[in-house]
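What follows is protein_21.txt (compact mmCIF, C-alpha atoms).
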```txt
# COMPACT_ATOMS: atom_id res chain seq x y z
CA MET Q 23 35.44 16.78 75.08
CA ALA Q 24 36.11 13.84 77.36
CA ALA Q 25 36.10 10.26 76.10
CA ALA Q 26 35.27 11.21 72.54
CA ALA Q 27 34.56 8.19 70.42
CA ALA Q 28 37.51 7.39 68.22
CA VAL Q 29 35.15 5.71 65.75
CA TYR Q 30 32.57 8.06 64.26
CA SER Q 31 30.59 5.65 62.15
CA LEU Q 32 30.54 2.25 60.51
CA TYR Q 33 29.19 1.31 57.08
CA ILE Q 34 28.69 -2.03 55.35
CA ILE Q 35 28.06 -2.07 51.59
CA ASN Q 36 26.97 -5.16 49.67
CA LYS Q 37 28.72 -6.14 46.49
CA SER Q 38 26.35 -4.19 44.26
CA GLY Q 39 26.94 -0.98 46.18
CA GLY Q 40 23.85 -0.85 48.38
CA LEU Q 41 24.22 0.27 51.96
CA ILE Q 42 23.15 -2.64 54.16
CA PHE Q 43 24.30 -1.35 57.52
CA TYR Q 44 25.01 2.05 59.01
CA LYS Q 45 25.69 3.00 62.59
CA ASP Q 46 27.11 6.15 64.13
CA TYR Q 47 28.91 6.45 67.42
CA GLY Q 48 28.93 9.71 69.33
CA SER Q 49 27.98 13.09 67.96
CA ALA Q 50 30.72 13.79 65.42
CA GLY Q 51 30.12 13.08 61.76
CA ARG Q 52 26.53 12.03 62.23
CA MET Q 53 24.51 11.72 59.05
CA ASP Q 54 20.88 11.33 58.16
CA THR Q 55 19.69 8.34 56.17
CA ASN Q 56 19.93 10.05 52.79
CA ASP Q 57 23.45 11.28 53.37
CA SER Q 58 24.66 7.92 54.58
CA LEU Q 59 23.19 6.24 51.50
CA ARG Q 60 24.81 8.86 49.32
CA LEU Q 61 28.19 8.43 50.98
CA ALA Q 62 27.97 4.66 50.67
CA SER Q 63 27.26 4.68 46.96
CA LEU Q 64 29.88 7.39 46.39
CA TRP Q 65 32.46 5.31 48.18
CA HIS Q 66 31.50 2.22 46.26
CA SER Q 67 32.10 4.02 42.97
CA MET Q 68 35.30 5.72 44.10
CA HIS Q 69 36.62 2.42 45.32
CA ALA Q 70 35.89 0.83 41.94
CA ILE Q 71 37.50 3.74 40.07
CA SER Q 72 40.59 3.61 42.28
CA GLN Q 73 41.03 -0.04 41.37
CA GLN Q 74 41.01 0.84 37.69
CA LEU Q 75 43.25 3.90 37.99
CA SER Q 76 45.84 2.41 40.28
CA PRO Q 77 49.26 1.79 38.73
CA VAL Q 78 49.61 -1.23 41.02
CA PRO Q 79 48.67 -4.45 39.21
CA SER Q 80 45.60 -6.22 40.61
CA CYS Q 81 45.01 -3.44 43.12
CA SER Q 82 42.22 -4.10 45.58
CA GLY Q 83 41.09 -0.48 45.91
CA ILE Q 84 41.45 2.34 48.45
CA GLU Q 85 42.14 1.17 51.97
CA LEU Q 86 42.61 4.50 53.71
CA LEU Q 87 41.37 8.00 52.98
CA GLN Q 88 42.86 10.70 55.17
CA ALA Q 89 41.14 14.06 55.48
CA ASP Q 90 41.58 17.02 57.82
CA THR Q 91 38.74 16.05 60.08
CA PHE Q 92 38.50 12.27 59.70
CA ASP Q 93 40.16 9.08 58.46
CA LEU Q 94 38.23 6.52 56.48
CA HIS Q 95 39.47 2.94 56.66
CA CYS Q 96 38.01 0.43 54.23
CA PHE Q 97 38.19 -3.34 54.10
CA GLN Q 98 36.79 -5.33 51.20
CA SER Q 99 36.29 -9.06 51.57
CA LEU Q 100 37.07 -11.37 48.65
CA THR Q 101 33.33 -11.81 48.19
CA GLY Q 102 32.94 -8.09 47.48
CA THR Q 103 31.32 -6.87 50.69
CA LYS Q 104 32.90 -3.62 51.91
CA PHE Q 105 33.23 -2.56 55.51
CA PHE Q 106 34.40 0.93 56.33
CA VAL Q 107 34.78 3.06 59.42
CA VAL Q 108 35.01 6.82 59.63
CA CYS Q 109 37.13 7.77 62.63
CA GLU Q 110 39.16 10.50 64.29
CA PRO Q 111 42.30 11.36 62.29
CA GLY Q 112 45.22 9.19 63.29
CA THR Q 113 43.17 6.47 65.04
CA GLN Q 114 45.20 3.26 65.14
CA HIS Q 115 44.33 -0.42 64.73
CA MET Q 116 41.34 0.13 62.47
CA GLU Q 117 42.37 -2.73 60.14
CA GLY Q 118 42.11 -5.05 63.11
CA LEU Q 119 38.72 -3.68 64.09
CA LEU Q 120 37.40 -4.06 60.54
CA LYS Q 121 38.66 -7.63 60.39
CA HIS Q 122 36.92 -8.35 63.66
CA ILE Q 123 33.70 -6.77 62.41
CA TYR Q 124 33.93 -9.03 59.34
CA GLU Q 125 34.07 -12.04 61.65
CA LEU Q 126 31.07 -10.77 63.61
CA TYR Q 127 29.23 -10.31 60.33
CA THR Q 128 29.90 -13.90 59.30
CA ASP Q 129 28.83 -15.20 62.72
CA PHE Q 130 25.78 -13.13 63.55
CA VAL Q 131 24.46 -11.98 60.19
CA LEU Q 132 25.25 -14.69 57.65
CA LYS Q 133 24.51 -17.55 60.04
CA ASN Q 134 21.12 -16.10 60.93
CA PRO Q 135 18.81 -18.21 58.77
CA PHE Q 136 16.31 -15.37 58.52
CA TYR Q 137 18.81 -12.91 57.16
CA GLU Q 138 18.35 -12.46 53.41
CA MET Q 139 21.65 -12.11 51.57
CA GLU Q 140 22.44 -8.64 50.23
CA MET Q 141 19.57 -7.07 52.20
CA PRO Q 142 19.80 -4.49 55.00
CA ILE Q 143 21.06 -6.01 58.25
CA ARG Q 144 18.61 -6.09 61.11
CA CYS Q 145 20.11 -8.55 63.53
CA GLU Q 146 20.07 -7.77 67.21
CA LEU Q 147 22.88 -10.17 68.09
CA PHE Q 148 25.09 -8.45 65.55
CA ASP Q 149 24.27 -5.05 67.06
CA ILE Q 150 25.10 -6.22 70.56
CA ASN Q 151 28.40 -7.84 69.63
CA LEU Q 152 29.34 -4.93 67.45
CA ALA Q 153 28.74 -2.45 70.26
CA GLN Q 154 31.01 -4.54 72.47
CA ALA Q 155 33.73 -4.67 69.85
CA VAL Q 156 33.72 -0.93 69.29
CA GLN Q 157 33.56 -0.34 73.04
CA LYS Q 158 36.52 -2.63 73.65
CA ASP Q 159 38.39 -0.82 70.98
CA ARG Q 160 37.72 2.43 72.76
CA VAL Q 161 38.81 1.00 76.10
CA ALA Q 162 42.02 -0.22 74.52
CA LEU Q 163 42.64 3.28 73.25
CA LEU Q 164 41.96 4.89 76.62
CA GLY Q 165 44.23 2.36 78.31
CA ARG Q 166 47.24 3.46 76.34
CA MET C 22 49.90 -3.31 59.00
CA PRO C 23 51.52 -6.42 57.52
CA PRO C 24 49.02 -8.91 56.16
CA VAL C 25 47.95 -11.51 58.69
CA ALA C 26 49.40 -14.92 57.94
CA PRO C 27 46.93 -17.56 56.78
CA ARG C 28 46.00 -20.03 59.48
CA SER C 29 46.20 -23.78 59.08
CA GLY C 30 43.08 -25.91 59.01
CA ASP C 31 44.07 -27.54 62.30
CA ALA C 32 44.55 -24.22 64.07
CA ILE C 33 41.12 -22.98 63.01
CA PHE C 34 39.47 -26.29 63.79
CA THR C 35 40.69 -26.16 67.38
CA SER C 36 39.67 -22.55 67.87
CA VAL C 37 36.13 -22.49 66.48
CA GLU C 38 33.09 -23.67 68.39
CA ARG C 39 32.16 -27.24 67.60
CA VAL C 40 29.23 -29.54 68.16
CA ASN C 41 29.17 -33.19 68.98
CA ALA C 42 29.91 -35.15 65.81
CA GLU C 43 27.12 -37.62 66.46
CA LEU C 44 24.56 -34.86 66.84
CA PHE C 45 25.72 -33.46 63.53
CA THR C 46 25.67 -36.82 61.75
CA LEU C 47 22.26 -37.78 63.12
CA THR C 48 20.78 -34.37 62.30
CA TYR C 49 21.96 -34.67 58.73
CA GLY C 50 20.54 -38.18 58.55
CA ALA C 51 17.20 -36.92 59.80
CA ILE C 52 17.15 -34.21 57.15
CA VAL C 53 17.88 -36.64 54.33
CA ARG C 54 15.25 -39.04 55.66
CA GLN C 55 12.67 -36.25 55.83
CA LEU C 56 13.47 -35.14 52.30
CA LEU C 57 12.99 -38.70 51.06
CA THR C 58 9.60 -38.81 52.75
CA ASP C 59 8.54 -35.39 51.46
CA LEU C 60 9.84 -35.56 47.91
CA GLU C 61 9.53 -39.32 47.31
CA GLU C 62 11.78 -39.22 44.22
CA VAL C 63 15.48 -39.88 44.86
CA ASP C 64 16.47 -37.52 42.06
CA GLU C 65 14.47 -34.72 43.65
CA VAL C 66 16.23 -35.35 46.95
CA ASN C 67 19.61 -35.13 45.24
CA LYS C 68 18.56 -31.83 43.72
CA GLN C 69 17.25 -30.50 47.00
CA LEU C 70 20.39 -31.47 48.92
CA ASP C 71 22.49 -29.73 46.30
CA GLN C 72 20.36 -26.61 46.57
CA MET C 73 20.58 -26.65 50.37
CA GLY C 74 24.33 -27.00 50.13
CA TYR C 75 24.49 -24.13 47.70
CA ASN C 76 22.53 -21.91 50.08
CA ILE C 77 24.95 -22.83 52.86
CA GLY C 78 28.01 -22.34 50.66
CA ILE C 79 27.20 -18.78 49.63
CA ARG C 80 27.17 -17.81 53.32
CA LEU C 81 29.87 -20.12 54.57
CA ILE C 82 32.52 -18.72 52.25
CA ASP C 83 32.66 -15.45 54.18
CA GLU C 84 33.19 -17.23 57.47
CA PHE C 85 35.90 -19.28 55.85
CA LEU C 86 37.67 -16.19 54.52
CA ALA C 87 37.24 -14.24 57.77
CA LYS C 88 38.61 -16.98 60.00
CA SER C 89 41.30 -18.51 57.82
CA ASN C 90 42.94 -15.27 56.63
CA VAL C 91 43.65 -16.84 53.28
CA SER C 92 44.26 -14.32 50.56
CA ARG C 93 43.34 -14.50 46.91
CA CYS C 94 44.47 -17.75 45.30
CA VAL C 95 46.74 -17.39 42.29
CA ASP C 96 45.14 -20.23 40.37
CA PHE C 97 42.52 -22.94 40.55
CA LYS C 98 45.13 -25.43 41.75
CA GLU C 99 45.75 -23.39 44.85
CA THR C 100 42.00 -22.99 45.33
CA ALA C 101 41.52 -26.76 45.30
CA GLU C 102 44.34 -27.29 47.78
CA VAL C 103 42.95 -24.66 50.14
CA ILE C 104 39.47 -26.24 50.02
CA ALA C 105 40.90 -29.69 50.69
CA LYS C 106 43.36 -28.80 53.43
CA VAL C 107 41.82 -25.78 55.16
CA GLY C 108 38.14 -25.72 54.22
CA PHE C 109 37.31 -29.36 54.89
CA LYS C 110 39.37 -29.38 58.08
CA MET C 111 37.74 -26.23 59.39
CA PHE C 112 34.14 -27.30 58.85
CA LEU C 113 34.17 -31.11 58.81
CA GLY C 114 37.29 -31.93 60.80
CA VAL C 115 38.77 -34.06 58.02
CA THR C 116 41.10 -33.26 55.15
CA ALA C 117 40.75 -34.23 51.53
CA THR C 118 43.38 -34.94 48.93
CA VAL C 119 43.44 -33.33 45.52
CA THR C 120 44.17 -35.62 42.58
CA ASN C 121 43.33 -36.38 38.97
CA TRP C 122 44.13 -33.01 37.47
CA ASP C 123 43.35 -32.69 33.81
CA ALA C 124 45.87 -31.22 31.37
CA ASP C 125 44.64 -27.62 31.45
CA GLY C 126 44.22 -27.49 35.23
CA THR C 127 40.47 -26.86 35.30
CA THR C 128 39.21 -30.22 36.56
CA CYS C 129 40.33 -32.10 39.63
CA SER C 130 39.07 -34.55 42.20
CA LEU C 131 38.71 -34.08 45.93
CA VAL C 132 39.05 -37.42 47.67
CA LEU C 133 37.70 -37.99 51.16
CA GLU C 134 38.84 -41.13 52.93
CA ASP C 135 36.92 -40.23 56.01
CA ASN C 136 33.52 -38.57 56.01
CA PRO C 137 31.67 -37.87 59.25
CA LEU C 138 28.34 -37.52 57.44
CA VAL C 139 28.09 -41.24 56.74
CA ASP C 140 29.25 -42.72 60.04
CA PHE C 141 26.11 -44.81 60.60
CA VAL C 142 24.66 -44.94 57.11
CA GLU C 143 23.79 -48.00 55.06
CA LEU C 144 21.98 -47.20 51.86
CA PRO C 145 18.88 -49.40 51.38
CA ASP C 146 18.03 -50.91 47.98
CA THR C 147 15.23 -48.39 47.50
CA CYS C 148 17.66 -45.46 47.60
CA GLN C 149 20.35 -46.67 45.23
CA GLY C 150 20.33 -43.52 43.14
CA LEU C 151 20.77 -41.27 46.17
CA TYR C 152 23.89 -39.17 46.52
CA TYR C 153 23.74 -39.06 50.29
CA CYS C 154 26.44 -36.39 50.63
CA ASN C 155 25.16 -34.21 47.81
CA ILE C 156 24.99 -31.31 50.23
CA LEU C 157 28.81 -31.15 50.20
CA SER C 158 29.04 -30.65 46.46
CA GLY C 159 26.43 -27.90 46.74
CA VAL C 160 28.43 -26.15 49.44
CA ILE C 161 31.54 -26.11 47.27
CA ARG C 162 29.64 -24.87 44.24
CA GLY C 163 28.01 -22.08 46.25
CA ALA C 164 31.17 -21.01 48.02
CA LEU C 165 33.22 -20.84 44.83
CA GLU C 166 30.50 -18.94 43.02
CA MET C 167 30.81 -16.14 45.57
CA VAL C 168 34.48 -15.75 44.73
CA SER C 169 33.72 -15.58 40.99
CA MET C 170 34.25 -19.20 40.03
CA LYS C 171 31.44 -21.05 38.31
CA THR C 172 31.94 -24.73 38.92
CA GLU C 173 30.25 -28.04 38.41
CA VAL C 174 30.68 -30.62 41.14
CA THR C 175 29.84 -34.28 40.57
CA TRP C 176 30.36 -37.45 42.59
CA ILE C 177 32.70 -40.01 41.07
CA ARG C 178 33.08 -42.44 43.94
CA ASP C 179 30.83 -42.98 46.93
CA MET C 180 31.59 -45.35 49.81
CA LEU C 181 27.87 -45.92 50.34
CA ARG C 182 27.80 -47.44 46.87
CA GLY C 183 30.69 -49.75 47.61
CA ASP C 184 33.62 -47.61 46.49
CA ASP C 185 36.74 -47.30 48.62
CA ALA C 186 36.53 -43.54 49.13
CA PHE C 187 34.44 -40.49 48.42
CA GLU C 188 35.57 -38.64 45.35
CA MET C 189 34.00 -35.54 43.90
CA GLN C 190 35.03 -33.97 40.68
CA VAL C 191 35.23 -30.19 40.64
CA LYS C 192 35.18 -28.68 37.20
CA LEU C 193 35.88 -24.99 36.71
CA LEU C 194 33.43 -23.80 34.07
CA LYS C 195 34.44 -20.17 33.96
CA GLN C 196 36.00 -17.48 36.03
CA VAL C 197 33.81 -14.39 36.10
CA PRO C 198 36.04 -11.33 35.92
CA GLU C 199 35.71 -9.17 39.01
CA GLU C 200 36.40 -5.98 37.17
CA TYR C 201 33.83 -3.30 36.73
CA PRO C 202 31.52 -2.86 35.11
CA TYR C 203 29.81 -6.08 36.05
CA LYS C 204 27.66 -7.41 33.30
CA ASP C 205 24.04 -7.07 34.31
CA ASP C 206 23.03 -10.51 33.15
CA GLU C 207 25.43 -12.34 35.41
```
This entry written out as structure tokens:
Amino acid sequence: MAAAAAVYSLYIINKSGGLIFYKDYGSAGRMDTNDSLRLASLWHSMHAISQQLSPVPSCSGIELLQADTFDLHCFQSLTGTKFFVVCEPGTQHMEGLLKHIYELYTDFVLKNPFYEMEMPIRCELFDINLAQAVQKDRVALLGR
Amino acid sequence: MPPVAPRSGDAIFTSVERVNAELFTLTYGAIVRQLLTDLEEVDEVNKQLDQMGYNIGIRLIDEFLAKSNVSRCVDFKETAEVIAKVGFKMFLGVTATVTNWDADGTTCSLVLEDNPLVDFVELPDTCQGLYYCNILSGVIRGALEMVSMKTEVTWIRDMLRGDDAFEMQVKLLKQVPEEYPYKDDE
């Protein structure tokens, strides 16, 4: 399978656990709307539980879940919005990508005056810039 | 990956896109003027500016966090310093000083010697009750609310009213715990 996407999918969950953005890249790990909503709310709860169970004081929740067929990297902003990517096992630099996606979110979603906070994201500029970011990430991977 | 080091206000200020300061100042002036025409009452304008600031603040906080790489503040004192040194620099191009702490560390003042919003402003007699920069206090209230701090922000000194600086008092009302379960009524 040539040029397989390292990133399978991207999710953004608002602070109450609702899925506000979902996008898949390539064929692997594709989900229908119901499954993606289910995964998002599952992750939200697991993340919350992990914070409570962790022996580490003031733990900020799971950052990486490694499975046989995928890795899940999660980044939670201090405002409670969670960004997570599902990617090929062992994919590097996902923290950086998530951080960059957070910046894109602040620029192209939050600054859009017609975006309603906590609601599903339908912003074309965000989509375009996101596609570029993920693409660049892929190019960087191929270049190595 | 080691945590990314927080960036200074100056570093962010030079790297983000900026607009001409005059355009910004004049646009804000036009908004205040329009509000005065529409609402007629000065008190209503104060309220509206605060609300507009709040709406900006709840969105702006994420940009601030994303671009400054600051991590969770240990206490309200650190929060105030970060707002004054990084936040104000990043969005307004000026820094504030933090003074007048009360004994239990929940109330302080942010003092602005320089404020680009008022560059050309002279308050007429008919608008004496107007807090021209009330949008700023709204921004701070909104931004802090999104990181679980309920605050009250009031103006103590205002150069447009003849004081020697702008001073706003930030009072921490309560810190909403971030732990689950969230209470539904909050």
May I have a table of the residues of segment 64-107 of chain Q lying at most 12 Å from segment 183-199 of chain C, giving each one's closest pair of atoms and their distance in Å to one decimal, counting all atoms listed in the file, ordered by chain and ascending residue number, as a Markdown table?
```
| residue | atom | partner | partner_atom | distance |
| --- | --- | --- | --- | --- |
| Q:Ala70 | CA | C:Glu199 | CA | 10.4 |
| Q:Gln73 | CA | C:Glu199 | CA | 10.8 |
| Q:Gln74 | CA | C:Glu199 | CA | 11.4 |
| Q:Ser80 | CA | C:Glu199 | CA | 10.4 |
| Q:Cys81 | CA | C:Glu199 | CA | 11.7 |
| Q:Ser82 | CA | C:Glu199 | CA | 10.5 |
| Q:Leu100 | CA | C:Glu199 | CA | 10.0 |
| Q:Thr101 | CA | C:Glu199 | CA | 9.8 |
| Q:Gly102 | CA | C:Glu199 | CA | 9.0 |
```
Residues of chain Q that have any atom at most 12 Å from an atom of chain C: could you tabulate them with the shortest-distance atom pair and the distance in Å to one decimal, using only C-alpha atoms, ordered by chain and increasing number, as CSV?
```
residue,atom,partner,partner_atom,distance
Q:Lys37,CA,C:Met167,CA,10.3
Q:Ser38,CA,C:Tyr203,CA,9.1
Q:Gly39,CA,C:Tyr203,CA,11.7
Q:His66,CA,C:Tyr201,CA,11.3
Q:Ser67,CA,C:Tyr201,CA,9.8
Q:Met68,CA,C:Tyr201,CA,11.7
Q:His69,CA,C:Tyr201,CA,10.7
Q:Ala70,CA,C:Tyr201,CA,7.0
Q:Ile71,CA,C:Tyr201,CA,8.6
Q:Ser72,CA,C:Tyr201,CA,11.1
Q:Gln73,CA,C:Glu200,CA,8.6
Q:Gln74,CA,C:Glu200,CA,8.2
Q:Leu75,CA,C:Tyr201,CA,11.9
Q:Ser80,CA,C:Glu200,CA,9.8
Q:Cys81,CA,C:Glu200,CA,10.8
Q:Ser82,CA,C:Glu200,CA,10.4
Q:Gly83,CA,C:Glu200,CA,11.3
Q:Glu85,CA,C:Met22,CA,11.4
Q:Leu86,CA,C:Met22,CA,11.9
Q:Phe97,CA,C:Ala87,CA,11.5
Q:Gln98,CA,C:Ala87,CA,11.1
Q:Ser99,CA,C:Asp83,CA,7.8
Q:Leu100,CA,C:Val168,CA,6.4
Q:Thr101,CA,C:Val168,CA,5.4
Q:Gly102,CA,C:Val168,CA,8.3
Q:Thr103,CA,C:Asp83,CA,9.4
Q:Gln114,CA,C:Met22,CA,10.1
Q:His115,CA,C:Met22,CA,8.5
Q:Met116,CA,C:Met22,CA,9.9
Q:Glu117,CA,C:Met22,CA,7.6
Q:Gly118,CA,C:Met22,CA,9.0
Q:Leu120,CA,C:Ala87,CA,10.6
Q:Lys121,CA,C:Ala87,CA,7.3
Q:His122,CA,C:Ala87,CA,8.3
Q:Ile123,CA,C:Ala87,CA,9.5
Q:Tyr124,CA,C:Ala87,CA,6.4
Q:Glu125,CA,C:Ala87,CA,5.5
Q:Leu126,CA,C:Glu84,CA,9.2
Q:Tyr127,CA,C:Glu84,CA,8.5
Q:Thr128,CA,C:Glu84,CA,5.0
Q:Asp129,CA,C:Glu84,CA,7.1
Q:Phe130,CA,C:Glu84,CA,10.4
Q:Val131,CA,C:Arg80,CA,9.4
Q:Leu132,CA,C:Arg80,CA,5.7
Q:Lys133,CA,C:Arg80,CA,7.2
Q:Asn134,CA,C:Arg80,CA,9.9
Q:Pro135,CA,C:Ile77,CA,9.7
Q:Tyr137,CA,C:Arg80,CA,10.4
Q:Glu138,CA,C:Arg80,CA,10.3
Q:Met139,CA,C:Arg80,CA,8.1
Q:Glu140,CA,C:Arg80,CA,10.8
```
Enclose the full set of atoms of segment 52-56 of chain Q listed in the file within a box whose edges lie along x, y and z, apply 3 Å of padding to each of the six sides, and report centre and edge lengths in Å to one decimal as JSON.
```
{"center_x": 23.1, "center_y": 10.2, "center_z": 57.5, "size_x": 12.8, "size_y": 9.7, "size_z": 15.4}
```
- Message: I want to know what sits within 12 Å of Thr147 of chain C, based on all atoms listed in the file, with residues of the same chain fewer than 2 positions away left out; could you give that as a ChimeraX atom specification?
- Response: /C:57,61-63,143-145,149-151
- Task: Using only C-alpha atoms, find the one residue out of Q:Phe92, Q:Asn56, Q:Ile143, Q:Leu119 that sits nearest to Lys158 of chain Q.
- Result: Q:Leu119
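Between atom CA of Val132 of chain C and atom CA of Ala117 of chain C lies a distance of 5.3 Å.
A straight line drawn from atom CA of Leu157 of chain C to atom CA of Cys145 of chain Q is 27.6 Å long.
A straight line drawn from atom CA of Phe112 of chain C to atom CA of Ile33 of chain C is 9.2 Å long.
For Tyr44 of chain Q, the list of residues within 7 Å, based on all atoms listed in the file and with local chain neighbours fewer than 5 positions off taken out, reads Leu32, Tyr33 and Ile34 of chain Q.
For the choices C:Leu138, C:Met180, C:Ala105, C:Leu113, the atom-to-atom distance to Thr46 of chain C is smallest for C:Leu138 when using only C-alpha atoms.
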- What would the list of residues within 6 Å of (38.8, 10.5, 58.8) (file frame) look like as a VMD selection string, if all atoms listed in the file are what count? chain Q and resid 88 to 89 91 to 94 108 to 111
- Message: Residues near Tyr49 of chain C, anyone? I mean within 12 Å using all atoms listed in the file, not counting same-chain ones fewer than 3 positions away, as an MDAnalysis selection string.
- Response: chainID C and resid 42:46 52:56 70 73:74 137:142 153:157
- Task: Fewer than 6 positions away in the same chain doesn't count, so skip those; otherwise give me all residues within 9 Å of Arg52 of chain Q, counting all atoms listed in the file, as a PyMOL selection string.
- Result: chain Q and resi 30-31+46+58
Using all atoms listed in the file, collect all residues at a distance of at most 9 Å from (42.9, -20.6, 50.2) as written in the file, then present them as an mmCIF file with C-alpha atoms, in the coordinates of the input.
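Produced file result37.cif, reproduced below:
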```
data_model
loop_
_atom_site.group_PDB
_atom_site.id
_atom_site.type_symbol
_atom_site.label_atom_id
_atom_site.label_comp_id
_atom_site.auth_asym_id
_atom_site.auth_seq_id
_atom_site.Cartn_x
_atom_site.Cartn_y
_atom_site.Cartn_z
ATOM 1 C CA PRO C 27 46.930 -17.560 56.780
ATOM 2 C CA LEU C 86 37.670 -16.190 54.520
ATOM 3 C CA SER C 89 41.300 -18.510 57.820
ATOM 4 C CA ASN C 90 42.940 -15.270 56.630
ATOM 5 C CA VAL C 91 43.650 -16.840 53.280
ATOM 6 C CA SER C 92 44.260 -14.320 50.560
ATOM 7 C CA ARG C 93 43.340 -14.500 46.910
ATOM 8 C CA CYS C 94 44.470 -17.750 45.300
ATOM 9 C CA GLU C 99 45.750 -23.390 44.850
ATOM 10 C CA THR C 100 42.000 -22.990 45.330
ATOM 11 C CA ALA C 101 41.520 -26.760 45.300
ATOM 12 C CA GLU C 102 44.340 -27.290 47.780
ATOM 13 C CA VAL C 103 42.950 -24.660 50.140
ATOM 14 C CA ILE C 104 39.470 -26.240 50.020
ATOM 15 C CA LYS C 106 43.360 -28.800 53.430
ATOM 16 C CA VAL C 107 41.820 -25.780 55.160
ATOM 17 C CA GLY C 108 38.140 -25.720 54.220
#
```
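The residue set within 8 Å of Ile161 of chain C, counting all atoms listed in the file and dropping same-chain residues fewer than 5 places from it, reads Gly74, Tyr75, Gly78 and Val174 of chain C.
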Please, could all heavy atoms be added to segment 55-60 of chain C and the result written as a tab-separated table (two decimals), in the frame of the given file?
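Output file result30.tsv follows:
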```tsv
chain	number	residue	atom	x	y	z
C	55	GLN	N	13.87	-37.08	55.98
C	55	GLN	CA	12.67	-36.25	55.83
C	55	GLN	C	12.46	-35.85	54.37
C	55	GLN	O	11.35	-35.85	53.86
C	55	GLN	CB	12.77	-35.01	56.72
C	55	GLN	CG	11.50	-34.20	56.80
C	55	GLN	CD	10.36	-34.99	57.42
C	55	GLN	OE1	10.54	-35.68	58.42
C	55	GLN	NE2	9.18	-34.92	56.82
C	56	LEU	N	13.57	-35.51	53.72
C	56	LEU	CA	13.47	-35.14	52.30
C	56	LEU	C	12.96	-36.31	51.47
C	56	LEU	O	12.15	-36.13	50.56
C	56	LEU	CB	14.84	-34.68	51.77
C	56	LEU	CG	15.32	-33.29	52.22
C	56	LEU	CD1	16.72	-33.05	51.71
C	56	LEU	CD2	14.38	-32.21	51.70
C	57	LEU	N	13.44	-37.52	51.80
C	57	LEU	CA	12.99	-38.70	51.06
C	57	LEU	C	11.48	-38.90	51.26
C	57	LEU	O	10.77	-39.25	50.32
C	57	LEU	CB	13.75	-39.94	51.52
C	57	LEU	CG	15.17	-40.09	50.95
C	57	LEU	CD1	15.95	-41.13	51.73
C	57	LEU	CD2	15.11	-40.47	49.48
C	58	THR	N	11.03	-38.66	52.47
C	58	THR	CA	9.60	-38.81	52.75
C	58	THR	C	8.79	-37.74	52.00
C	58	THR	O	7.76	-38.05	51.39
C	58	THR	CB	9.34	-38.66	54.26
C	58	THR	OG1	10.29	-39.44	54.95
C	58	THR	CG2	7.93	-39.08	54.63
C	59	ASP	N	9.30	-36.50	52.05
C	59	ASP	CA	8.54	-35.39	51.46
C	59	ASP	C	8.55	-35.42	49.94
C	59	ASP	O	7.54	-35.17	49.29
C	59	ASP	CB	9.13	-34.04	51.92
C	59	ASP	CG	8.85	-33.79	53.39
C	59	ASP	OD1	8.06	-34.55	53.97
C	59	ASP	OD2	9.42	-32.85	53.94
C	60	LEU	N	9.70	-35.71	49.36
C	60	LEU	CA	9.84	-35.56	47.91
C	60	LEU	C	9.62	-36.87	47.15
C	60	LEU	O	9.41	-36.87	45.95
C	60	LEU	CB	11.22	-34.99	47.57
C	60	LEU	CG	11.53	-33.61	48.17
C	60	LEU	CD1	12.99	-33.25	47.95
C	60	LEU	CD2	10.65	-32.54	47.56
```
